[in-house]
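Q: Below is the file upload-v8.pdb, with PDB, C-alpha atoms, pLDDT in the B column.
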```
ATOM      1  CA  MET A   1      28.991 139.086 108.229  1.00 78.00           C
ATOM      2  CA  TYR A   2      31.263 138.269 111.113  1.00 81.00           C
ATOM      3  CA  CYS A   3      30.337 136.707 114.411  1.00 80.00           C
ATOM      4  CA  TYR A   4      31.145 139.218 117.132  1.00 80.00           C
ATOM      5  CA  HIS A   5      31.913 136.502 119.637  1.00 80.00           C
ATOM      6  CA  CYS A   6      34.216 134.094 117.758  1.00 82.00           C
ATOM      7  CA  GLY A   7      35.197 136.085 114.632  1.00 81.00           C
ATOM      8  CA  LYS A   8      33.921 133.495 112.125  1.00 79.00           C
ATOM      9  CA  ARG A   9      33.050 134.932 108.751  1.00 80.00           C
ATOM     10  CA  ILE A  10      29.546 133.958 107.655  1.00 77.00           C
ATOM     11  CA  ASP A  11      28.214 134.344 104.135  1.00 75.00           C
ATOM     12  CA  GLU A  12      24.588 135.379 104.573  1.00 69.00           C
ATOM     13  CA  ARG A  13      23.787 134.725 100.897  1.00 72.00           C
ATOM     14  CA  LYS A  14      24.539 131.025 101.392  1.00 70.00           C
ATOM     15  CA  ILE A  15      22.406 130.940 104.530  1.00 65.00           C
ATOM     16  CA  GLU A  16      19.488 132.695 102.812  1.00 64.00           C
ATOM     17  CA  SER A  17      19.688 130.390  99.792  1.00 66.00           C
ATOM     18  CA  LYS A  18      19.344 127.306 102.031  1.00 64.00           C
ATOM     19  CA  SER A  19      16.504 128.622 104.180  1.00 60.00           C
ATOM     20  CA  SER A  20      15.152 132.151 104.165  1.00 57.00           C
ATOM     21  CA  SER A  21      15.069 134.017 107.462  1.00 56.00           C
ATOM     22  CA  PHE A  22      11.928 135.889 106.367  1.00 56.00           C
ATOM     23  CA  ASP A  23       8.531 134.420 107.154  1.00 57.00           C
ATOM     24  CA  SER A  24       6.054 134.890 104.306  1.00 57.00           C
ATOM     25  CA  ASN A  25       3.136 135.462 106.722  1.00 59.00           C
ATOM     26  CA  GLN A  26       4.636 138.565 108.315  1.00 61.00           C
ATOM     27  CA  GLU A  27       5.234 141.983 106.830  1.00 61.00           C
ATOM     28  CA  TYR A  28       8.687 143.459 107.036  1.00 56.00           C
ATOM     29  CA  GLY A  29       9.556 147.093 106.984  1.00 60.00           C
ATOM     30  CA  GLU A  30      12.670 149.032 106.200  1.00 61.00           C
ATOM     31  CA  PHE A  31      13.913 148.854 109.775  1.00 62.00           C
ATOM     32  CA  THR A  32      13.446 145.110 110.269  1.00 60.00           C
ATOM     33  CA  LYS A  33      16.594 143.573 111.682  1.00 65.00           C
ATOM     34  CA  VAL A  34      17.768 140.216 110.404  1.00 65.00           C
ATOM     35  CA  GLN A  35      19.691 138.067 112.856  1.00 71.00           C
ATOM     36  CA  TYR A  36      21.632 134.901 112.211  1.00 74.00           C
ATOM     37  CA  ILE A  37      22.998 132.280 114.557  1.00 77.00           C
ATOM     38  CA  CYS A  38      26.712 131.576 114.331  1.00 78.00           C
ATOM     39  CA  PRO A  39      27.324 127.935 113.386  1.00 74.00           C
ATOM     40  CA  ARG A  40      30.555 127.831 115.421  1.00 77.00           C
ATOM     41  CA  CYS A  41      29.578 129.366 118.756  1.00 81.00           C
ATOM     42  CA  GLY A  42      25.774 129.794 118.640  1.00 78.00           C
ATOM     43  CA  HIS A  43      25.665 133.544 119.338  1.00 77.00           C
ATOM     44  CA  LEU A  44      23.306 135.894 117.507  1.00 78.00           C
ATOM     45  CA  ILE A  45      24.777 137.936 114.680  1.00 77.00           C
ATOM     46  CA  HIS A  46      23.019 141.119 113.624  1.00 74.00           C
ATOM     47  CA  GLU A  47      23.594 144.030 111.318  1.00 75.00           C
ATOM     48  CA  GLY A  48      24.917 147.257 112.707  1.00 74.00           C
ATOM     49  CA  LEU A  49      27.912 147.678 114.939  1.00 75.00           C
ATOM     50  CA  SER A  50      27.883 149.103 118.445  1.00 80.00           C
ATOM     51  CA  GLU A  51      31.030 150.033 120.345  1.00 84.00           C
ATOM     52  CA  GLU A  52      30.847 146.884 122.481  1.00 85.00           C
ATOM     53  CA  ASP A  53      30.350 144.718 119.372  1.00 82.00           C
ATOM     54  CA  SER A  54      33.369 146.375 117.783  1.00 84.00           C
ATOM     55  CA  LYS A  55      35.522 145.597 120.815  1.00 87.00           C
ATOM     56  CA  GLU A  56      34.313 142.014 120.925  1.00 87.00           C
ATOM     57  CA  LEU A  57      34.968 141.549 117.196  1.00 87.00           C
ATOM     58  CA  SER A  58      38.433 143.042 117.667  1.00 90.00           C
ATOM     59  CA  ARG A  59      39.184 140.524 120.430  1.00 90.00           C
ATOM     60  CA  ALA A  60      37.881 137.702 118.259  1.00 89.00           C
ATOM     61  CA  SER A  61      40.008 138.917 115.328  1.00 91.00           C
ATOM     62  CA  HIS A  62      43.120 138.875 117.474  1.00 93.00           C
ATOM     63  CA  ALA A  63      42.279 135.321 118.540  1.00 92.00           C
ATOM     64  CA  GLN A  64      41.862 134.317 114.874  1.00 92.00           C
ATOM     65  CA  ILE A  65      45.231 135.899 114.061  1.00 95.00           C
ATOM     66  CA  GLN A  66      46.796 133.826 116.844  1.00 96.00           C
ATOM     67  CA  ARG A  67      45.206 130.676 115.388  1.00 94.00           C
ATOM     68  CA  ALA A  68      46.545 131.647 111.962  1.00 96.00           C
ATOM     69  CA  ASN A  69      50.022 132.124 113.441  1.00 97.00           C
ATOM     70  CA  ASN A  70      49.793 128.661 114.992  1.00 97.00           C
ATOM     71  CA  SER A  71      48.716 127.174 111.659  1.00 97.00           C
ATOM     72  CA  TYR A  72      51.593 128.940 109.896  1.00 98.00           C
ATOM     73  CA  ALA A  73      54.087 127.675 112.499  1.00 98.00           C
ATOM     74  CA  ARG A  74      52.812 124.092 112.229  1.00 98.00           C
ATOM     75  CA  GLY A  75      53.013 124.290 108.440  1.00 98.00           C
ATOM     76  CA  MET A  76      56.569 125.602 108.464  1.00 98.00           C
ATOM     77  CA  CYS A  77      57.582 122.904 110.964  1.00 98.00           C
ATOM     78  CA  MET A  78      56.138 120.216 108.706  1.00 98.00           C
ATOM     79  CA  ASN A  79      57.923 121.763 105.723  1.00 98.00           C
ATOM     80  CA  ALA A  80      61.243 121.681 107.578  1.00 98.00           C
ATOM     81  CA  LEU A  81      60.744 118.070 108.657  1.00 98.00           C
ATOM     82  CA  GLY A  82      59.706 117.137 105.119  1.00 98.00           C
ATOM     83  CA  VAL A  83      62.849 118.680 103.614  1.00 98.00           C
ATOM     84  CA  ILE A  84      65.078 116.952 106.193  1.00 98.00           C
ATOM     85  CA  LEU A  85      63.393 113.619 105.526  1.00 98.00           C
ATOM     86  CA  LEU A  86      63.695 114.166 101.770  1.00 98.00           C
ATOM     87  CA  ILE A  87      67.451 114.742 102.150  1.00 98.00           C
ATOM     88  CA  ILE A  88      67.696 111.522 104.169  1.00 97.00           C
ATOM     89  CA  ALA A  89      65.718 109.722 101.453  1.00 97.00           C
ATOM     90  CA  ILE A  90      68.138 110.982  98.786  1.00 97.00           C
ATOM     91  CA  ILE A  91      71.062 109.722 100.867  1.00 96.00           C
ATOM     92  CA  PHE A  92      69.445 106.289 101.115  1.00 95.00           C
ATOM     93  CA  PHE A  93      68.800 106.338  97.359  1.00 94.00           C
ATOM     94  CA  ILE A  94      72.496 106.917  96.800  1.00 93.00           C
ATOM     95  CA  LEU A  95      73.262 104.086  99.241  1.00 92.00           C
ATOM     96  CA  ALA A  96      70.927 101.792  97.279  1.00 93.00           C
ATOM     97  CA  ASN A  97      73.300 102.089  94.291  1.00 91.00           C
ATOM     98  CA  LYS A  98      75.742  99.373  95.390  1.00 86.00           C
ATOM     99  CA  PRO A  99      79.362  99.875  94.295  1.00 85.00           C
ATOM    100  CA  SER A 100      79.916  96.137  94.365  1.00 84.00           C
ATOM    101  CA  GLN A 101      77.265  95.744  91.669  1.00 83.00           C
ATOM    102  CA  GLY A 102      78.691  98.478  89.424  1.00 85.00           C
ATOM    103  CA  PHE A 103      76.594 101.333  90.906  1.00 85.00           C
ATOM    104  CA  VAL A 104      73.363  99.788  89.659  1.00 88.00           C
ATOM    105  CA  LEU A 105      70.203 100.480  91.645  1.00 87.00           C
ATOM    106  CA  GLN A 106      69.324  97.476  93.806  1.00 86.00           C
ATOM    107  CA  THR A 107      65.574  97.373  94.488  1.00 89.00           C
ATOM    108  CA  ASN A 108      65.688  94.416  96.862  1.00 91.00           C
ATOM    109  CA  CYS A 109      67.916  95.898  99.578  1.00 92.00           C
ATOM    110  CA  ALA A 110      66.905  97.619 102.836  1.00 94.00           C
ATOM    111  CA  GLU A 111      68.278 101.009 101.719  1.00 94.00           C
ATOM    112  CA  PHE A 112      65.845 101.127  98.815  1.00 95.00           C
ATOM    113  CA  TYR A 113      62.862 100.375 101.088  1.00 96.00           C
ATOM    114  CA  VAL A 114      63.949 103.114 103.487  1.00 96.00           C
ATOM    115  CA  PHE A 115      64.234 105.459 100.493  1.00 96.00           C
ATOM    116  CA  ILE A 116      60.667 104.656  99.385  1.00 97.00           C
ATOM    117  CA  GLY A 117      59.224 105.064 102.892  1.00 97.00           C
ATOM    118  CA  ALA A 118      61.082 108.298 103.623  1.00 97.00           C
ATOM    119  CA  THR A 119      60.086 109.743 100.244  1.00 98.00           C
ATOM    120  CA  ILE A 120      56.394 108.995 100.785  1.00 98.00           C
ATOM    121  CA  ILE A 121      56.415 110.483 104.283  1.00 98.00           C
ATOM    122  CA  SER A 122      58.341 113.572 103.158  1.00 98.00           C
ATOM    123  CA  VAL A 123      55.926 114.235 100.286  1.00 98.00           C
ATOM    124  CA  ILE A 124      52.979 113.982 102.700  1.00 98.00           C
ATOM    125  CA  LEU A 125      54.693 116.305 105.191  1.00 98.00           C
ATOM    126  CA  LEU A 126      55.528 118.820 102.474  1.00 98.00           C
ATOM    127  CA  GLY A 127      51.974 118.778 101.111  1.00 98.00           C
ATOM    128  CA  VAL A 128      50.275 119.224 104.473  1.00 98.00           C
ATOM    129  CA  GLY A 129      52.887 121.789 105.507  1.00 98.00           C
ATOM    130  CA  ALA A 130      52.355 123.854 102.381  1.00 98.00           C
ATOM    131  CA  TYR A 131      48.575 123.729 102.890  1.00 98.00           C
ATOM    132  CA  LEU A 132      48.800 124.841 106.538  1.00 98.00           C
ATOM    133  CA  THR A 133      51.296 127.568 105.693  1.00 98.00           C
ATOM    134  CA  ILE A 134      49.113 129.016 102.952  1.00 98.00           C
ATOM    135  CA  ILE A 135      45.945 128.823 105.063  1.00 97.00           C
ATOM    136  CA  GLY A 136      47.732 130.516 107.956  1.00 97.00           C
ATOM    137  CA  LEU A 137      49.029 133.342 105.780  1.00 97.00           C
ATOM    138  CA  LYS A 138      45.666 133.929 104.095  1.00 96.00           C
ATOM    139  CA  THR A 139      43.777 133.933 107.388  1.00 94.00           C
ATOM    140  CA  LYS A 140      46.289 136.237 109.033  1.00 96.00           C
ATOM    141  CA  HIS A 141      46.104 138.692 106.130  1.00 95.00           C
ATOM    142  CA  HIS A 142      42.299 138.615 106.127  1.00 92.00           C
ATOM    143  CA  TYR A 143      41.968 139.372 109.837  1.00 92.00           C
ATOM    144  CA  TYR A 144      44.658 142.077 109.736  1.00 94.00           C
ATOM    145  CA  GLN A 145      42.540 143.799 107.087  1.00 92.00           C
ATOM    146  CA  LEU A 146      39.474 143.409 109.314  1.00 90.00           C
ATOM    147  CA  LEU A 147      41.339 144.967 112.262  1.00 91.00           C
ATOM    148  CA  LYS A 148      42.515 147.781 110.019  1.00 92.00           C
ATOM    149  CA  ASP A 149      38.896 148.477 109.016  1.00 88.00           C
ATOM    150  CA  LEU A 150      37.789 148.348 112.658  1.00 88.00           C
ATOM    151  CA  ASN A 151      40.526 150.779 113.724  1.00 87.00           C
ATOM    152  CA  ASN A 152      39.738 153.194 110.890  1.00 87.00           C
ATOM    153  CA  LYS A 153      35.992 152.955 111.665  1.00 83.00           C
ATOM    154  CA  THR A 154      35.288 151.859 108.065  1.00 82.00           C
ATOM    155  CA  PHE A 155      33.935 148.395 108.929  1.00 78.00           C
ATOM    156  CA  VAL A 156      30.337 147.743 107.918  1.00 74.00           C
ATOM    157  CA  GLN A 157      28.581 144.533 108.971  1.00 72.00           C
TER
END
```
What is this file in structure tokens?
A:
Amino acid sequence: MYCYHCGKRIDERKIESKSSSFDSNQEYGEFTKVQYICPRCGHLIHEGLSEEDSKELSRASHAQIQRANNSYARGMCMNALGVILLIIAIIFFILANKPSQGFVLQTNCAEFYVFIGATIISVILLGVGAYLTIIGLKTKHHYYQLLKDLNNKTFVQ
């Protein structure tokens, strides 16, 4: 299920496994509607899709796509900074091989410490950047498929 207001995808099987929405004292028929509360925004989520709910879900999907684009852009920026910092770290590694010492790596000079620091920061930037890029792409693809289903009138809540 999707929240019509914020577009968050909610797995009703996980919600029902934690605490059932059915009360054992009441009888439920075929037309009993089950409603859930969105954990992100607090709005009621129900089965069935009216025209107004479809429009609201479409607006929420576009907002989620914009968030995914922002995540993708942040991830690519971190990847670019990580690659630049990794190139700088390689340059400092080359500088740590002193020609006066026969091009032997000197581990007690400032260039080597800059190499270590820049390498650690670049690996962190590349890892976080890759994560944000992948999350952004997956989210964008998911909500484009949802919009496609909404436009083709094949979406079922």
Q: Hey, what comes out of the PyMOL selection byres ((chain A and resi 56-72) around 10) on this file? Could you write it as a PyMOL selection string?
A: chain A and resi 2-8+49-55+73-78+129-148+150-151
Q: Which is closer to Ala118 of chain A than all the others in A:Leu86, A:Val104, A:Asp149, A:Ala96, using only C-alpha atoms?
A: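 Of A:Leu86, A:Val104, A:Asp149, A:Ala96, the one nearest Ala118 of chain A is A:Leu86, counting only C-alpha atoms.
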Q: Would you compute the distance between atom CA of Gly127 of chain A and atom CA of Leu81 of chain A? Give it in Å to one decimal.
A: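 Computing the Euclidean distance for atom CA of Gly127 of chain A and atom CA of Leu81 of chain A yields 11.6 Å.
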Q: Mind checking which residues fall within 10 Å of Ile37 of chain A, counting only C-alpha atoms, ignoring those fewer than 4 positions away in the same chain, and posting them as a list of chain:residue names?
A: A:Cys3, A:Ile10, A:Cys41, A:Gly42, A:His43, A:Leu44, A:Ile45, A:His46
Q: Work out how far atom CA of Asn97 of chain A is from atom CA of Cys109 of chain A, in Å to one decimal.
A: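 Going from atom CA of Cys109 of chain A over to atom CA of Asn97 of chain A covers 9.8 Å.
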Q: Env of Ala110 of chain A: 12 Å cut, atoms = only C-alpha atoms, seq-sep filter 6 positions within chain, self excluded. Answer as a PyMOL selection string.
A: chain A and resi 92-93+95-98+116-117
Q: Identify, on the basis of all atoms listed in the file, every residue whose closest approach to Met1 of chain A does not exceed 7 Å; exclude the query and any residue fewer than 5 positions from it along the same chain; express the result as a VMD selection string.
A: chain A and resid 9 to 12 157
Q: Dump C-alpha atoms for the selected residues as a compact mmCIF listing (two decimals), in the coordinates of the input?
A:
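Result saved to again_16.txt:
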```
# COMPACT_ATOMS: atom_id res chain seq x y z
CA ARG A 9 33.05 134.93 108.75
CA ILE A 10 29.55 133.96 107.66
CA ASP A 11 28.21 134.34 104.14
CA GLU A 12 24.59 135.38 104.57
CA GLN A 157 28.58 144.53 108.97
```
Q: What does the distance from atom CA of Ala89 of chain A to atom CA of Leu126 of chain A come to in Å, to one decimal?
A: 13.7 Å
Q: Segment 63-72 of chain A, all listed atoms, 3 Å padding on each side: what axis-aligned box centre and edge lengths in Å to one decimal come out, as AutoDock Vina command-line options?
A:
```
--center_x 46.7 --center_y 131.5 --center_z 114.2 --size_x 15.7 --size_y 14.7 --size_z 14.6
```
Q: Mind dumping segment 60-72 of chain A from that block, keeping all heavy atoms, as a short mmCIF file (atom, residue, chain, number, x, y, z; two decimals), in the first residue's frame?
A:
```
data_model
loop_
_atom_site.label_atom_id
_atom_site.label_comp_id
_atom_site.auth_asym_id
_atom_site.auth_seq_id
_atom_site.Cartn_x
_atom_site.Cartn_y
_atom_site.Cartn_z
N ALA A 60 2.34 13.05 -4.69
CA ALA A 60 3.31 12.51 -3.74
C ALA A 60 4.41 11.74 -4.47
O ALA A 60 5.58 11.79 -4.07
CB ALA A 60 2.61 11.61 -2.73
N SER A 61 4.06 11.04 -5.55
CA SER A 61 5.06 10.31 -6.32
C SER A 61 6.05 11.25 -7.00
O SER A 61 7.24 10.98 -7.04
CB SER A 61 4.37 9.44 -7.38
OG SER A 61 3.58 8.46 -6.77
N HIS A 62 5.54 12.36 -7.50
CA HIS A 62 6.44 13.35 -8.10
C HIS A 62 7.37 13.94 -7.05
O HIS A 62 8.55 14.20 -7.33
CB HIS A 62 5.64 14.45 -8.79
CG HIS A 62 5.08 14.05 -10.12
ND1 HIS A 62 5.87 13.89 -11.23
CD2 HIS A 62 3.81 13.76 -10.51
CE1 HIS A 62 5.11 13.53 -12.26
NE2 HIS A 62 3.86 13.43 -11.85
N ALA A 63 6.87 14.15 -5.84
CA ALA A 63 7.72 14.65 -4.77
C ALA A 63 8.79 13.62 -4.41
O ALA A 63 9.96 13.98 -4.16
CB ALA A 63 6.89 14.99 -3.54
N GLN A 64 8.43 12.34 -4.39
CA GLN A 64 9.40 11.28 -4.09
C GLN A 64 10.45 11.20 -5.20
O GLN A 64 11.64 10.95 -4.92
CB GLN A 64 8.71 9.94 -3.94
CG GLN A 64 7.91 9.80 -2.67
CD GLN A 64 8.81 9.72 -1.46
OE1 GLN A 64 9.24 10.74 -0.93
NE2 GLN A 64 9.07 8.52 -1.02
N ILE A 65 10.04 11.40 -6.45
CA ILE A 65 11.00 11.40 -7.55
C ILE A 65 11.97 12.56 -7.40
O ILE A 65 13.18 12.41 -7.63
CB ILE A 65 10.26 11.44 -8.91
CG1 ILE A 65 9.58 10.09 -9.16
CG2 ILE A 65 11.22 11.77 -10.05
CD1 ILE A 65 8.68 10.06 -10.37
N GLN A 66 11.48 13.71 -6.95
CA GLN A 66 12.37 14.85 -6.73
C GLN A 66 13.36 14.56 -5.60
O GLN A 66 14.55 14.89 -5.71
CB GLN A 66 11.56 16.11 -6.40
CG GLN A 66 12.39 17.35 -6.31
CD GLN A 66 13.11 17.67 -7.61
OE1 GLN A 66 12.55 17.54 -8.69
NE2 GLN A 66 14.36 18.08 -7.51
N ARG A 67 12.90 13.89 -4.54
CA ARG A 67 13.81 13.50 -3.46
C ARG A 67 14.85 12.50 -3.97
O ARG A 67 16.02 12.55 -3.56
CB ARG A 67 13.03 12.88 -2.31
CG ARG A 67 12.25 13.88 -1.50
CD ARG A 67 11.63 13.22 -0.27
NE ARG A 67 10.65 14.11 0.31
CZ ARG A 67 9.33 13.96 0.21
NH1 ARG A 67 8.83 12.92 -0.43
NH2 ARG A 67 8.53 14.83 0.75
N ALA A 68 14.42 11.58 -4.83
CA ALA A 68 15.35 10.61 -5.39
C ALA A 68 16.38 11.31 -6.29
O ALA A 68 17.56 10.94 -6.29
CB ALA A 68 14.60 9.55 -6.18
N ASN A 69 15.95 12.31 -7.05
CA ASN A 69 16.89 13.07 -7.86
C ASN A 69 17.90 13.80 -6.99
O ASN A 69 19.09 13.86 -7.34
CB ASN A 69 16.15 14.08 -8.75
CG ASN A 69 15.46 13.43 -9.92
OD1 ASN A 69 15.85 12.37 -10.38
ND2 ASN A 69 14.41 14.06 -10.41
N ASN A 70 17.44 14.34 -5.87
CA ASN A 70 18.36 15.01 -4.95
C ASN A 70 19.36 14.03 -4.36
O ASN A 70 20.55 14.33 -4.22
CB ASN A 70 17.59 15.71 -3.83
CG ASN A 70 16.81 16.90 -4.32
OD1 ASN A 70 17.07 17.42 -5.39
ND2 ASN A 70 15.83 17.32 -3.55
N SER A 71 18.89 12.84 -4.00
CA SER A 71 19.78 11.82 -3.45
C SER A 71 20.81 11.39 -4.50
O SER A 71 22.00 11.22 -4.19
CB SER A 71 18.96 10.61 -2.99
OG SER A 71 19.78 9.57 -2.57
N TYR A 72 20.36 11.22 -5.73
CA TYR A 72 21.27 10.85 -6.82
C TYR A 72 22.32 11.94 -7.04
O TYR A 72 23.52 11.64 -7.20
CB TYR A 72 20.47 10.61 -8.10
CG TYR A 72 21.31 10.33 -9.30
CD1 TYR A 72 21.89 9.08 -9.49
CD2 TYR A 72 21.54 11.31 -10.27
CE1 TYR A 72 22.67 8.82 -10.59
CE2 TYR A 72 22.31 11.05 -11.37
CZ TYR A 72 22.88 9.80 -11.53
OH TYR A 72 23.66 9.55 -12.62
#
```
